file final_37.cif (mmCIF, C-alpha atoms (C1' of nucleotides) and all ligand atoms)
data_data
#
loop_
_atom_site.label_atom_id
_atom_site.label_comp_id
_atom_site.auth_asym_id
_atom_site.auth_seq_id
_atom_site.Cartn_x
_atom_site.Cartn_y
_atom_site.Cartn_z
CA MET A 92 61.80 133.57 90.36
CA PHE A 93 61.31 131.42 93.48
CA SER A 94 60.87 132.75 97.01
CA LYS A 95 63.76 132.45 99.45
CA ALA A 96 61.77 129.79 101.30
CA CYS A 97 61.45 127.81 98.09
CA GLU A 98 65.14 128.12 97.29
CA TYR A 99 66.03 126.82 100.74
CA GLY A 100 63.42 124.10 100.34
CA ILE A 101 64.92 122.82 97.10
CA ARG A 102 68.47 122.95 98.40
CA ALA A 103 67.40 121.18 101.60
CA ALA A 104 65.53 118.46 99.73
CA VAL A 105 68.48 117.86 97.44
CA TYR A 106 70.80 117.59 100.41
CA VAL A 107 68.48 115.16 102.19
CA ALA A 108 68.34 113.08 99.02
CA LEU A 109 72.11 113.07 98.65
CA GLN A 110 72.59 111.88 102.23
CA SER A 111 69.83 109.33 101.96
CA LEU A 112 71.71 107.85 99.02
CA GLU A 113 74.53 107.25 101.51
CA GLY A 114 72.09 105.78 104.01
CA ARG A 115 72.33 108.75 106.38
CA ARG A 116 69.45 110.48 108.10
CA VAL A 117 70.14 114.18 108.65
CA SER A 118 69.14 116.79 111.25
CA VAL A 119 67.88 120.34 110.66
CA ASN A 120 71.14 121.64 112.04
CA GLU A 121 73.24 119.67 109.61
CA ILE A 122 71.03 120.60 106.69
CA ALA A 123 71.11 124.32 107.47
CA GLU A 124 74.86 124.11 107.89
CA GLU A 125 75.40 122.34 104.59
CA ILE A 126 73.12 124.48 102.48
CA ASP A 127 74.08 127.70 104.30
CA SER A 128 70.59 128.72 105.44
CA PRO A 129 69.05 130.05 108.67
CA VAL A 130 68.38 127.06 110.92
CA ALA A 131 64.98 127.92 112.39
CA PHE A 132 63.60 129.12 109.09
CA THR A 133 64.87 125.99 107.40
CA ALA A 134 63.12 123.92 110.08
CA LYS A 135 59.80 125.50 109.11
CA ILE A 136 60.36 124.73 105.48
CA LEU A 137 61.31 121.14 106.25
CA GLN A 138 58.02 120.83 108.11
CA GLN A 139 56.18 121.93 104.98
CA LEU A 140 58.10 119.46 102.87
CA THR A 141 57.33 116.72 105.36
CA ARG A 142 53.62 117.55 105.44
CA SER A 143 53.51 117.49 101.66
CA LYS A 144 55.30 114.12 101.57
CA VAL A 145 58.34 115.35 99.73
CA ILE A 146 60.60 114.05 102.47
CA HIS A 147 60.05 111.93 105.56
CA SER A 148 60.85 112.89 109.16
CA VAL A 149 61.60 110.85 112.27
CA LYS A 150 61.50 112.34 115.76
CA GLY A 151 63.71 111.60 118.70
CA PRO A 152 67.34 110.53 119.01
CA THR A 153 68.76 109.16 115.74
CA GLY A 154 65.84 110.95 114.12
CA GLY A 155 66.03 113.44 111.28
CA PHE A 156 65.01 113.75 107.65
CA GLU A 157 65.31 111.22 104.89
CA ILE A 158 63.81 110.26 101.55
CA GLU A 159 63.50 106.82 100.06
CA ARG A 160 65.39 105.95 96.91
CA THR A 161 62.24 105.34 94.89
CA ASP A 162 60.73 108.65 96.01
CA MET A 163 63.75 110.50 94.68
CA ASP A 164 62.54 109.56 91.22
CA THR A 165 58.87 110.38 91.69
CA VAL A 166 59.43 113.64 93.56
CA LYS A 167 59.82 116.35 90.94
CA LEU A 168 60.92 119.92 91.45
CA SER A 169 57.41 121.03 90.61
CA MET A 170 56.09 119.34 93.76
CA ILE A 171 58.53 121.20 95.98
CA VAL A 172 57.80 124.53 94.33
CA HIS A 173 54.08 123.90 94.59
CA ALA A 174 54.35 122.87 98.25
CA ILE A 175 56.11 126.10 99.17
CA ASP A 176 55.18 128.78 96.64
CA GLY A 177 51.78 127.47 95.60
CA ASP A 178 50.61 127.70 92.02
CA ASN A 179 51.41 131.35 91.36
CA ILE A 180 54.07 130.31 88.91
CA TYR A 181 51.46 128.43 86.91
CA VAL A 182 48.32 130.55 87.04
CA GLY A 183 49.78 134.03 87.56
CA CYS A 184 49.87 136.67 84.82
CA GLY A 185 53.29 138.04 83.94
CA LEU A 186 52.04 141.59 84.21
CA GLY A 187 50.10 141.02 87.42
CA LEU A 188 46.51 140.81 86.17
CA LYS A 189 44.25 138.77 88.45
CA GLU A 190 44.93 135.54 86.61
CA CYS A 191 46.56 134.61 83.36
CA ASN A 192 43.64 134.31 80.96
CA ALA A 193 43.99 133.68 77.25
CA LYS A 194 40.51 135.05 76.60
CA LYS A 195 41.48 138.49 77.90
CA PRO A 196 45.26 138.39 77.67
CA CYS A 197 47.72 141.04 78.82
CA PRO A 198 50.06 142.43 76.13
CA LEU A 199 52.81 140.03 77.18
CA HIS A 200 50.64 136.92 77.41
CA ASP A 201 51.82 134.92 74.39
CA LYS A 202 55.50 135.51 74.98
CA PHE A 203 55.16 134.99 78.70
CA VAL A 204 53.23 131.75 78.38
CA ALA A 205 55.88 130.38 76.05
CA ILE A 206 58.55 130.87 78.68
CA ARG A 207 56.37 129.67 81.50
CA THR A 208 55.51 126.49 79.65
CA ASP A 209 59.18 125.70 79.30
CA LEU A 210 59.74 126.40 82.97
CA LYS A 211 56.82 124.20 83.89
CA LYS A 212 58.10 121.36 81.73
CA MET A 213 61.51 121.68 83.28
CA LEU A 214 60.15 121.60 86.84
CA GLU A 215 57.87 118.67 86.11
CA SER A 216 60.57 116.61 84.48
CA THR A 217 63.40 117.22 86.94
CA SER A 218 63.59 114.71 89.78
CA LEU A 219 65.31 115.02 93.12
CA TYR A 220 67.50 112.06 92.20
CA GLU A 221 68.74 113.82 89.12
CA LEU A 222 69.73 116.87 91.14
CA ALA A 223 71.35 114.83 93.89
CA THR A 224 73.59 112.84 91.57
CA GLY A 225 75.35 115.87 90.19
CA LEU A 226 76.25 116.79 93.74
CA GLU A 227 77.41 113.28 94.52
CA VAL A 228 80.12 113.36 91.91
CA GLY A 229 81.20 116.84 92.94
CA LEU A 230 80.02 118.64 89.82
CA THR A 231 77.54 120.89 91.57
CA TYR A 232 77.25 122.75 94.86
CA LEU A 233 74.59 123.69 97.41
CA LYS A 234 76.58 126.51 98.96
CA ARG A 235 79.52 128.72 98.10
CA MET B 214 58.73 136.48 88.28
CA PHE B 215 58.67 140.29 88.35
CA SER B 216 58.05 142.43 91.42
CA LYS B 217 54.71 144.17 91.79
CA ALA B 218 56.49 147.46 91.14
CA CYS B 219 57.86 146.07 87.90
CA GLU B 220 54.49 144.76 86.79
CA TYR B 221 52.94 148.17 87.38
CA GLY B 222 55.89 149.77 85.62
CA ILE B 223 55.45 147.72 82.48
CA ARG B 224 51.69 148.21 82.41
CA ALA B 225 52.14 151.94 82.96
CA ALA B 226 54.76 152.26 80.24
CA VAL B 227 52.59 150.38 77.78
CA TYR B 228 49.64 152.63 78.57
CA VAL B 229 51.73 155.76 78.16
CA ALA B 230 52.94 154.43 74.82
CA LEU B 231 49.42 153.65 73.68
CA GLN B 232 48.22 157.15 74.52
CA SER B 233 51.26 158.79 73.01
CA LEU B 234 50.39 157.05 69.76
CA GLU B 235 47.14 159.02 69.91
CA GLY B 236 49.04 162.19 70.69
CA ARG B 237 47.82 162.34 74.28
CA ARG B 238 49.92 163.11 77.34
CA VAL B 239 48.62 161.31 80.44
CA SER B 240 48.61 162.03 84.18
CA VAL B 241 49.50 159.66 87.02
CA ASN B 242 45.84 159.57 88.01
CA GLU B 243 44.70 158.48 84.59
CA ILE B 244 47.45 155.89 84.32
CA ALA B 245 46.69 154.35 87.71
CA GLU B 246 43.01 154.32 86.83
CA GLU B 247 43.57 152.62 83.48
CA ILE B 248 45.99 149.98 84.67
CA ASP B 249 44.20 149.45 88.00
CA SER B 250 47.13 150.23 90.28
CA PRO B 251 47.61 152.25 93.50
CA VAL B 252 48.08 155.89 92.50
CA ALA B 253 50.85 157.03 94.84
CA PHE B 254 52.86 153.87 94.37
CA THR B 255 52.48 154.16 90.62
CA ALA B 256 53.74 157.74 90.83
CA LYS B 257 56.97 156.49 92.41
CA ILE B 258 57.44 153.95 89.68
CA LEU B 259 56.79 156.53 86.98
CA GLN B 260 59.53 158.63 88.56
CA GLN B 261 61.94 155.73 88.22
CA LEU B 262 60.95 155.20 84.61
CA THR B 263 61.40 158.91 83.95
CA ARG B 264 64.85 158.99 85.56
CA SER B 265 65.91 155.98 83.51
CA LYS B 266 64.65 157.64 80.32
CA VAL B 267 62.05 155.03 79.54
CA ILE B 268 59.36 157.69 79.40
CA HIS B 269 59.38 161.48 79.50
CA SER B 270 57.57 163.70 81.99
CA VAL B 271 56.33 167.27 81.82
CA LYS B 272 55.37 169.23 84.92
CA GLY B 273 52.58 171.73 85.40
CA PRO B 274 49.15 172.09 83.83
CA THR B 275 48.78 170.09 80.59
CA GLY B 276 51.77 168.13 81.88
CA GLY B 277 52.00 164.40 82.30
CA PHE B 278 53.86 161.45 80.84
CA GLU B 279 54.60 160.65 77.23
CA ILE B 280 57.01 158.72 75.05
CA GLU B 281 58.13 159.56 71.55
CA ARG B 282 57.22 157.29 68.68
CA THR B 283 60.83 156.42 67.88
CA ASP B 284 61.56 155.61 71.54
CA MET B 285 58.76 153.07 71.56
CA ASP B 286 60.92 150.98 69.25
CA THR B 287 64.20 151.37 71.09
CA VAL B 288 62.79 150.91 74.57
CA LYS B 289 62.71 147.18 75.23
CA LEU B 290 61.07 145.39 78.11
CA SER B 291 64.50 144.53 79.44
CA MET B 292 65.19 148.22 80.10
CA ILE B 293 62.07 148.60 82.19
CA VAL B 294 62.74 145.45 84.16
CA HIS B 295 66.31 146.51 84.73
CA ALA B 296 65.28 150.02 85.80
CA ILE B 297 62.94 148.66 88.46
CA ASP B 298 64.12 145.19 89.49
CA GLY B 299 67.81 145.56 88.73
CA ASP B 300 69.79 142.70 87.28
CA ASN B 301 68.71 139.96 89.69
CA ILE B 302 66.90 138.23 86.88
CA TYR B 303 70.15 138.04 84.95
CA VAL B 304 72.84 137.35 87.53
CA GLY B 305 70.85 135.57 90.23
CA CYS B 306 71.13 131.84 90.87
CA GLY B 307 67.88 129.90 90.63
CA LEU B 308 68.54 128.20 93.96
CA GLY B 309 69.67 131.37 95.73
CA LEU B 310 73.45 130.96 95.78
CA LYS B 311 75.29 134.27 95.92
CA GLU B 312 75.55 134.58 92.17
CA CYS B 313 74.93 132.29 89.27
CA ASN B 314 78.37 130.91 88.49
CA ALA B 315 79.05 128.24 85.88
CA LYS B 316 82.36 127.39 87.53
CA LYS B 317 80.64 126.30 90.74
CA PRO B 318 77.10 125.68 89.58
CA CYS B 319 74.11 124.74 91.70
CA PRO B 320 72.36 121.49 90.78
CA LEU B 321 69.79 123.35 88.72
CA HIS B 322 72.21 125.62 86.89
CA ASP B 323 72.10 124.19 83.36
CA LYS B 324 68.36 123.86 83.22
CA PHE B 325 67.81 127.19 84.89
CA VAL B 326 70.17 129.05 82.60
CA ALA B 327 68.41 127.61 79.56
CA ILE B 328 65.10 129.10 80.70
CA ARG B 329 66.65 132.34 81.79
CA THR B 330 68.37 132.80 78.46
CA ASP B 331 65.03 132.48 76.69
CA LEU B 332 63.48 134.96 79.08
CA LYS B 333 66.36 137.36 78.54
CA LYS B 334 66.04 137.10 74.78
CA MET B 335 62.33 137.72 75.02
CA LEU B 336 62.76 140.81 77.19
CA GLU B 337 65.51 142.20 75.01
CA SER B 338 63.59 141.74 71.80
CA THR B 339 60.19 142.99 72.88
CA SER B 340 59.61 146.70 72.35
CA LEU B 341 57.08 148.98 73.96
CA TYR B 342 55.61 149.66 70.54
CA GLU B 343 54.95 146.00 69.98
CA LEU B 344 53.09 145.73 73.27
CA ALA B 345 51.11 148.91 72.70
CA THR B 346 49.80 147.91 69.29
CA GLY B 347 48.06 144.79 70.54
CA LEU B 348 46.20 147.01 72.96
CA GLU B 349 45.36 149.51 70.28
CA VAL B 350 43.40 147.01 68.26
CA GLY B 351 41.64 145.68 71.34
CA LEU B 352 43.33 142.29 71.40
CA THR B 353 44.98 142.71 74.78
CA TYR B 354 44.18 144.30 78.12
CA LEU B 355 45.95 146.18 80.92
CA LYS B 356 43.28 145.51 83.50
CA ARG B 357 40.38 143.17 84.06
"C1'" DT C 188 51.20 188.22 89.10
"C1'" DA C 189 48.16 184.97 91.15
"C1'" DT C 190 46.15 180.53 90.66
"C1'" DA C 191 45.71 176.01 89.56
"C1'" DA C 192 47.49 171.67 87.75
"C1'" DT C 193 50.87 168.61 87.65
"C1'" DT C 194 55.27 165.94 88.71
"C1'" DC C 195 58.97 165.37 92.38
"C1'" DG C 196 60.71 163.96 96.72
"C1'" DG C 197 60.86 162.76 101.47
"C1'" DA C 198 58.78 160.78 105.45
"C1'" DC C 199 55.78 157.59 107.04
"C1'" DA C 200 52.55 153.28 107.38
"C1'" DA C 201 50.93 148.68 106.27
"C1'" DA C 202 51.58 144.19 104.67
"C1'" DA C 203 54.23 140.33 103.34
"C1'" DT C 204 58.28 137.72 103.73
"C1'" DT C 205 62.10 136.18 106.16
"C1'" DA C 206 64.01 134.87 110.45
"C1'" DT C 207 64.36 133.77 115.62
"C1'" DC C 208 63.06 131.83 120.10
"C1'" DC C 209 60.95 128.88 123.13
"C1'" DT C 210 57.79 125.26 124.57
"C1'" DT C 211 55.68 120.79 123.50
"C1'" DT C 212 55.69 116.16 121.66
"C1'" DA C 213 57.68 111.89 120.24
"C1'" DT C 214 61.24 108.55 120.63
"C1'" DT C 215 65.62 106.44 121.76
"C1'" DT C 216 69.04 105.35 125.15
"C1'" DT C 217 70.51 104.78 129.75
"C1'" DA D 202 61.43 105.36 134.73
"C1'" DA D 203 64.54 109.16 133.69
"C1'" DA D 204 67.27 111.63 130.67
"C1'" DA D 205 68.59 113.11 126.37
"C1'" DT D 206 67.72 114.09 121.45
"C1'" DA D 207 65.31 115.62 117.64
"C1'" DA D 208 61.20 117.36 115.04
"C1'" DA D 209 56.64 120.10 115.57
"C1'" DG D 210 54.38 124.15 116.48
"C1'" DG D 211 53.26 128.74 118.23
"C1'" DA D 212 54.54 133.40 119.27
"C1'" DT D 213 57.24 137.09 118.09
"C1'" DA D 214 60.79 140.03 115.76
"C1'" DA D 215 63.38 141.97 111.77
"C1'" DT D 216 63.55 143.15 107.09
"C1'" DT D 217 61.81 144.06 102.61
"C1'" DT D 218 58.24 145.27 99.66
"C1'" DT D 219 54.22 147.61 98.88
"C1'" DG D 220 51.57 151.48 99.60
"C1'" DT D 221 50.11 156.38 101.53
"C1'" DC D 222 50.50 161.29 102.62
"C1'" DC D 223 51.87 165.76 102.15
"C1'" DG D 224 54.64 169.72 101.06
"C1'" DA D 225 57.90 171.64 97.43
"C1'" DA D 226 59.02 172.68 92.75
"C1'" DT D 227 57.57 173.65 88.03
"C1'" DT D 228 54.75 175.56 84.53
"C1'" DA D 229 50.46 176.83 81.82
"C1'" DT D 230 46.63 179.87 82.03
"C1'" DA D 231 43.75 183.57 83.59
S1 LIG E 401 47.30 137.24 80.80
FE1 LIG E 401 49.19 138.07 81.32
S2 LIG E 401 50.44 136.35 81.05
FE2 LIG E 401 48.54 135.53 80.45
S1 LIG E 402 74.52 128.65 89.79
FE1 LIG E 402 72.47 128.33 90.28
S2 LIG E 402 71.57 128.95 88.43
FE2 LIG E 402 73.63 129.18 87.92
#
call {"tool": "encode", "arguments": {"input": "final_37.cif", "output": "structure tokens"}}
result
Amino acid sequence: MFSKACEYGIRAAVYVALQSLEGRRVSVNEIAEEIDSPVAFTAKILQQLTRSKVIHSVKGPTGGFEIERTDMDTVKLSMIVHAIDGDNIYVGCGLGLKECNAKKPCPLHDKFVAIRTDLKKMLESTSLYELATGLEVGLTYLKR
Amino acid sequence: MFSKACEYGIRAAVYVALQSLEGRRVSVNEIAEEIDSPVAFTAKILQQLTRSKVIHSVKGPTGGFEIERTDMDTVKLSMIVHAIDGDNIYVGCGLGLKECNAKKPCPLHDKFVAIRTDLKKMLESTSLYELATGLEVGLTYLKR
DNA sequence: TATAATTCGGACAAAATTATCCTTTATTTT
DNA sequence: AAAATAAAGGATAATTTTGTCCGAATTATA
């Protein structure tokens, strides 16, 4: 569904949000540790998320990654997915034709679009805050 | 969503079904031509589909691939996806945790499972025949 | 029986994705 | 000012996926 990079990106962003709720700024090392991901690769992904304004970074000692409380509400999953995986999930055809195109649809088009629309709605309506709060109360996990 | 191999596999299977409806057996070359896919790679995928009984192959002159009319109804999209991509789509966690597990869910679990269940239902209820008939009447396309 | 057409299967190659390493830059603390 | 800390960025490596090539096996036809 999502690329590995995107999976790490979402987990990382949720972890940053969770810690920011506690007022803590977190390092790449801590993030990678807590979401069980390769450190250097995670660093690259955090750079992407920083460039696309999903999270905020601070260099130097006491530096790290953080996200403001208000941004946790405005940042939706769709932004993270778009920042890392691009818009394939939105414009791609389920059977791999150049683009999904209702004028010259593939045999799966109608059924595929129905599912994709739901997915899109879900991604666009799910905020980072929402995901972080489940973690906070210990209902959900970022690693196992 | 699906791997390239799986996309080719579905397109190929649908084309074989369409031609079998006309009583024609088709070669790898024709299939690859008609679904606009790399020939040799498509041949590998057709082998997988043959081994998993999705389609039937005949060697030698006048040989090729075909599928019986009754099998077009029993063969569902889910079988093709499973034959090529395995069960990742069913057991995988949306955020990349080892396995999707409701006992220790990731933050996206509930929302992800909802979408995945719909996808699963769609794949399990869509037959090859259904996909082939849209093509037959010129409503849908396997290449563009 | 020889030939040609076709799938099958293994080895190999290219491209994309995932992952690591190391140097540079910014910033805080001493 | 120097040292230490942390992200940024570039080069490179490993792995997976995608794709190619070619000989072997099978079978219809001449
Ligand atoms: S054309 Fe294939 S999904 Fe729309
Ligand atoms: S645990 Fe992540 S989707 Fe179920």
call {"tool": "calpha_fit_and_write", "arguments": {"input": "final_37.cif", "fixed": "chain B", "moving": "chain A", "output": "JSON list (two decimals) with C-alpha atoms, in the coordinates of the input"}}
result
[["chain", "number", "residue", "atom", "x", "y", "z"],
["A", 92, "MET", "CA", 58.70, 136.49, 88.31],
["A", 93, "PHE", "CA", 58.66, 140.30, 88.38],
["A", 94, "SER", "CA", 58.02, 142.43, 91.46],
["A", 95, "LYS", "CA", 54.67, 144.19, 91.80],
["A", 96, "ALA", "CA", 56.46, 147.48, 91.16],
["A", 97, "CYS", "CA", 57.84, 146.08, 87.92],
["A", 98, "GLU", "CA", 54.46, 144.77, 86.81],
["A", 99, "TYR", "CA", 52.91, 148.18, 87.39],
["A", 100, "GLY", "CA", 55.87, 149.78, 85.64],
["A", 101, "ILE", "CA", 55.42, 147.71, 82.50],
["A", 102, "ARG", "CA", 51.67, 148.21, 82.40],
["A", 103, "ALA", "CA", 52.12, 151.96, 82.97],
["A", 104, "ALA", "CA", 54.75, 152.27, 80.24],
["A", 105, "VAL", "CA", 52.58, 150.39, 77.79],
["A", 106, "TYR", "CA", 49.64, 152.62, 78.58],
["A", 107, "VAL", "CA", 51.73, 155.77, 78.17],
["A", 108, "ALA", "CA", 52.94, 154.44, 74.82],
["A", 109, "LEU", "CA", 49.42, 153.65, 73.67],
["A", 110, "GLN", "CA", 48.21, 157.15, 74.51],
["A", 111, "SER", "CA", 51.26, 158.78, 73.01],
["A", 112, "LEU", "CA", 50.40, 157.02, 69.76],
["A", 113, "GLU", "CA", 47.15, 159.00, 69.91],
["A", 114, "GLY", "CA", 49.05, 162.18, 70.68],
["A", 115, "ARG", "CA", 47.83, 162.34, 74.29],
["A", 116, "ARG", "CA", 49.92, 163.11, 77.33],
["A", 117, "VAL", "CA", 48.64, 161.32, 80.43],
["A", 118, "SER", "CA", 48.59, 162.03, 84.18],
["A", 119, "VAL", "CA", 49.48, 159.67, 87.04],
["A", 120, "ASN", "CA", 45.84, 159.59, 88.00],
["A", 121, "GLU", "CA", 44.70, 158.50, 84.58],
["A", 122, "ILE", "CA", 47.43, 155.91, 84.32],
["A", 123, "ALA", "CA", 46.67, 154.37, 87.71],
["A", 124, "GLU", "CA", 43.00, 154.33, 86.82],
["A", 125, "GLU", "CA", 43.55, 152.63, 83.49],
["A", 126, "ILE", "CA", 45.98, 149.99, 84.65],
["A", 127, "ASP", "CA", 44.18, 149.47, 87.98],
["A", 128, "SER", "CA", 47.10, 150.26, 90.29],
["A", 129, "PRO", "CA", 47.58, 152.29, 93.49],
["A", 130, "VAL", "CA", 48.05, 155.92, 92.46],
["A", 131, "ALA", "CA", 50.83, 157.06, 94.80],
["A", 132, "PHE", "CA", 52.82, 153.89, 94.34],
["A", 133, "THR", "CA", 52.45, 154.18, 90.59],
["A", 134, "ALA", "CA", 53.72, 157.76, 90.81],
["A", 135, "LYS", "CA", 56.94, 156.51, 92.39],
["A", 136, "ILE", "CA", 57.42, 153.96, 89.68],
["A", 137, "LEU", "CA", 56.79, 156.53, 86.97],
["A", 138, "GLN", "CA", 59.51, 158.64, 88.55],
["A", 139, "GLN", "CA", 61.92, 155.73, 88.22],
["A", 140, "LEU", "CA", 60.94, 155.21, 84.61],
["A", 141, "THR", "CA", 61.41, 158.90, 83.94],
["A", 142, "ARG", "CA", 64.84, 158.98, 85.58],
["A", 143, "SER", "CA", 65.91, 155.98, 83.53],
["A", 144, "LYS", "CA", 64.66, 157.62, 80.32],
["A", 145, "VAL", "CA", 62.05, 155.03, 79.56],
["A", 146, "ILE", "CA", 59.36, 157.68, 79.41],
["A", 147, "HIS", "CA", 59.38, 161.47, 79.50],
["A", 148, "SER", "CA", 57.58, 163.71, 82.01],
["A", 149, "VAL", "CA", 56.34, 167.29, 81.85],
["A", 150, "LYS", "CA", 55.36, 169.25, 84.95],
["A", 151, "GLY", "CA", 52.60, 171.75, 85.37],
["A", 152, "PRO", "CA", 49.18, 172.14, 83.76],
["A", 153, "THR", "CA", 48.83, 170.11, 80.54],
["A", 154, "GLY", "CA", 51.80, 168.16, 81.85],
["A", 155, "GLY", "CA", 52.01, 164.41, 82.28],
["A", 156, "PHE", "CA", 53.86, 161.44, 80.84],
["A", 157, "GLU", "CA", 54.61, 160.64, 77.24],
["A", 158, "ILE", "CA", 57.01, 158.71, 75.06],
["A", 159, "GLU", "CA", 58.14, 159.54, 71.57],
["A", 160, "ARG", "CA", 57.24, 157.26, 68.70],
["A", 161, "THR", "CA", 60.85, 156.41, 67.91],
["A", 162, "ASP", "CA", 61.58, 155.59, 71.56],
["A", 163, "MET", "CA", 58.78, 153.05, 71.57],
["A", 164, "ASP", "CA", 60.94, 150.97, 69.26],
["A", 165, "THR", "CA", 64.23, 151.36, 71.10],
["A", 166, "VAL", "CA", 62.79, 150.91, 74.59],
["A", 167, "LYS", "CA", 62.72, 147.18, 75.27],
["A", 168, "LEU", "CA", 61.07, 145.38, 78.14],
["A", 169, "SER", "CA", 64.50, 144.53, 79.46],
["A", 170, "MET", "CA", 65.19, 148.21, 80.13],
["A", 171, "ILE", "CA", 62.04, 148.60, 82.20],
["A", 172, "VAL", "CA", 62.72, 145.44, 84.18],
["A", 173, "HIS", "CA", 66.30, 146.51, 84.75],
["A", 174, "ALA", "CA", 65.26, 150.02, 85.82],
["A", 175, "ILE", "CA", 62.91, 148.65, 88.47],
["A", 176, "ASP", "CA", 64.09, 145.19, 89.50],
["A", 177, "GLY", "CA", 67.78, 145.56, 88.75],
["A", 178, "ASP", "CA", 69.78, 142.70, 87.30],
["A", 179, "ASN", "CA", 68.70, 139.95, 89.69],
["A", 180, "ILE", "CA", 66.91, 138.23, 86.86],
["A", 181, "TYR", "CA", 70.16, 138.06, 84.93],
["A", 182, "VAL", "CA", 72.86, 137.35, 87.50],
["A", 183, "GLY", "CA", 70.87, 135.56, 90.21],
["A", 184, "CYS", "CA", 71.13, 131.82, 90.84],
["A", 185, "GLY", "CA", 67.89, 129.86, 90.61],
["A", 186, "LEU", "CA", 68.55, 128.19, 93.93],
["A", 187, "GLY", "CA", 69.68, 131.36, 95.68],
["A", 188, "LEU", "CA", 73.46, 130.95, 95.75],
["A", 189, "LYS", "CA", 75.32, 134.27, 95.90],
["A", 190, "GLU", "CA", 75.56, 134.57, 92.14],
["A", 191, "CYS", "CA", 74.94, 132.27, 89.24],
["A", 192, "ASN", "CA", 78.39, 130.90, 88.44],
["A", 193, "ALA", "CA", 79.07, 128.24, 85.85],
["A", 194, "LYS", "CA", 82.39, 127.38, 87.49],
["A", 195, "LYS", "CA", 80.68, 126.31, 90.71],
["A", 196, "PRO", "CA", 77.13, 125.68, 89.55],
["A", 197, "CYS", "CA", 74.13, 124.75, 91.68],
["A", 198, "PRO", "CA", 72.38, 121.47, 90.76],
["A", 199, "LEU", "CA", 69.80, 123.34, 88.70],
["A", 200, "HIS", "CA", 72.23, 125.61, 86.87],
["A", 201, "ASP", "CA", 72.13, 124.18, 83.34],
["A", 202, "LYS", "CA", 68.37, 123.82, 83.20],
["A", 203, "PHE", "CA", 67.83, 127.16, 84.87],
["A", 204, "VAL", "CA", 70.18, 129.04, 82.58],
["A", 205, "ALA", "CA", 68.41, 127.60, 79.55],
["A", 206, "ILE", "CA", 65.12, 129.08, 80.69],
["A", 207, "ARG", "CA", 66.66, 132.33, 81.79],
["A", 208, "THR", "CA", 68.37, 132.80, 78.45],
["A", 209, "ASP", "CA", 65.05, 132.49, 76.70],
["A", 210, "LEU", "CA", 63.49, 134.96, 79.09],
["A", 211, "LYS", "CA", 66.34, 137.36, 78.55],
["A", 212, "LYS", "CA", 66.04, 137.10, 74.78],
["A", 213, "MET", "CA", 62.33, 137.71, 75.01],
["A", 214, "LEU", "CA", 62.75, 140.80, 77.21],
["A", 215, "GLU", "CA", 65.50, 142.21, 75.03],
["A", 216, "SER", "CA", 63.60, 141.73, 71.82],
["A", 217, "THR", "CA", 60.19, 142.98, 72.91],
["A", 218, "SER", "CA", 59.62, 146.69, 72.37],
["A", 219, "LEU", "CA", 57.08, 148.97, 73.98],
["A", 220, "TYR", "CA", 55.60, 149.66, 70.55],
["A", 221, "GLU", "CA", 54.96, 145.99, 70.00],
["A", 222, "LEU", "CA", 53.10, 145.72, 73.29],
["A", 223, "ALA", "CA", 51.12, 148.90, 72.72],
["A", 224, "THR", "CA", 49.82, 147.89, 69.30],
["A", 225, "GLY", "CA", 48.09, 144.79, 70.56],
["A", 226, "LEU", "CA", 46.21, 147.00, 72.98],
["A", 227, "GLU", "CA", 45.36, 149.50, 70.28],
["A", 228, "VAL", "CA", 43.41, 146.99, 68.26],
["A", 229, "GLY", "CA", 41.66, 145.67, 71.34],
["A", 230, "LEU", "CA", 43.34, 142.27, 71.41],
["A", 231, "THR", "CA", 44.98, 142.71, 74.79],
["A", 232, "TYR", "CA", 44.18, 144.32, 78.12],
["A", 233, "LEU", "CA", 45.96, 146.18, 80.92],
["A", 234, "LYS", "CA", 43.29, 145.53, 83.52],
["A", 235, "ARG", "CA", 40.40, 143.17, 84.10]]
call {"tool": "interface_residues", "arguments": {"input": "final_37.cif", "of": "chain B", "to": "chain D", "cutoff": "6 Å", "atoms": "all atoms listed in the file", "output": "MDAnalysis selection string"}}
result
chainID B and resid 254 272:274
call {"tool": "closest_residue", "arguments": {"input": "final_37.cif", "among": "B:Leu308, B:Leu262, B:Val350, B:Val239", "to": "chain A", "atoms": "only C-alpha atoms"}}
result
B:Leu308
call {"tool": "residues_around", "arguments": {"input": "final_37.cif", "residues": "stretch 106-114 of chain A", "least_positions_apart": "4", "cutoff": "8 Å", "atoms": "all atoms listed in the file", "output": "ChimeraX atom specification"}}
result
/A:102,122,125-126,146,156-160,163,219-220,223-224,226-227,233
call {"tool": "residues_near_ligand", "arguments": {"input": "final_37.cif", "ligand": "ligand LIG 402 (chain E)", "cutoff": "10 Å", "atoms": "only C-alpha atoms (C1' of nucleotides) and all ligand atoms", "output": "count of residues only"}}
result
31
call {"tool": "interface_residues", "arguments": {"input": "final_37.cif", "of": "chain C", "to": "chain A", "cutoff": "12 Å", "atoms": "only C-alpha atoms (C1' of nucleotides)", "output": "list in words"}}
result
DA203, DT204, DT205, DA206, DT207, DC208, DC209, DT212, DA213, DT214, DT215 and DT216 of chain C
call {"tool": "atom_distance", "arguments": {"input": "final_37.cif", "atom1": "atom CA of A:Val119", "atom2": "atom CA of A:Gly177"}}
result
23.2 Å
call {"tool": "axis_aligned_box", "arguments": {"input": "final_37.cif", "around": "ligand LIG 401 (chain E)", "padding_each_side": "3 Å", "output": "JSON"}}
result
{"center_x": 48.9, "center_y": 136.8, "center_z": 80.9, "size_x": 9.1, "size_y": 8.5, "size_z": 6.9}
call {"tool": "atom_distance", "arguments": {"input": "final_37.cif", "atom1": "atom CA of B:Leu336", "atom2": "atom CA of B:Ile293"}}
result
9.3 Å
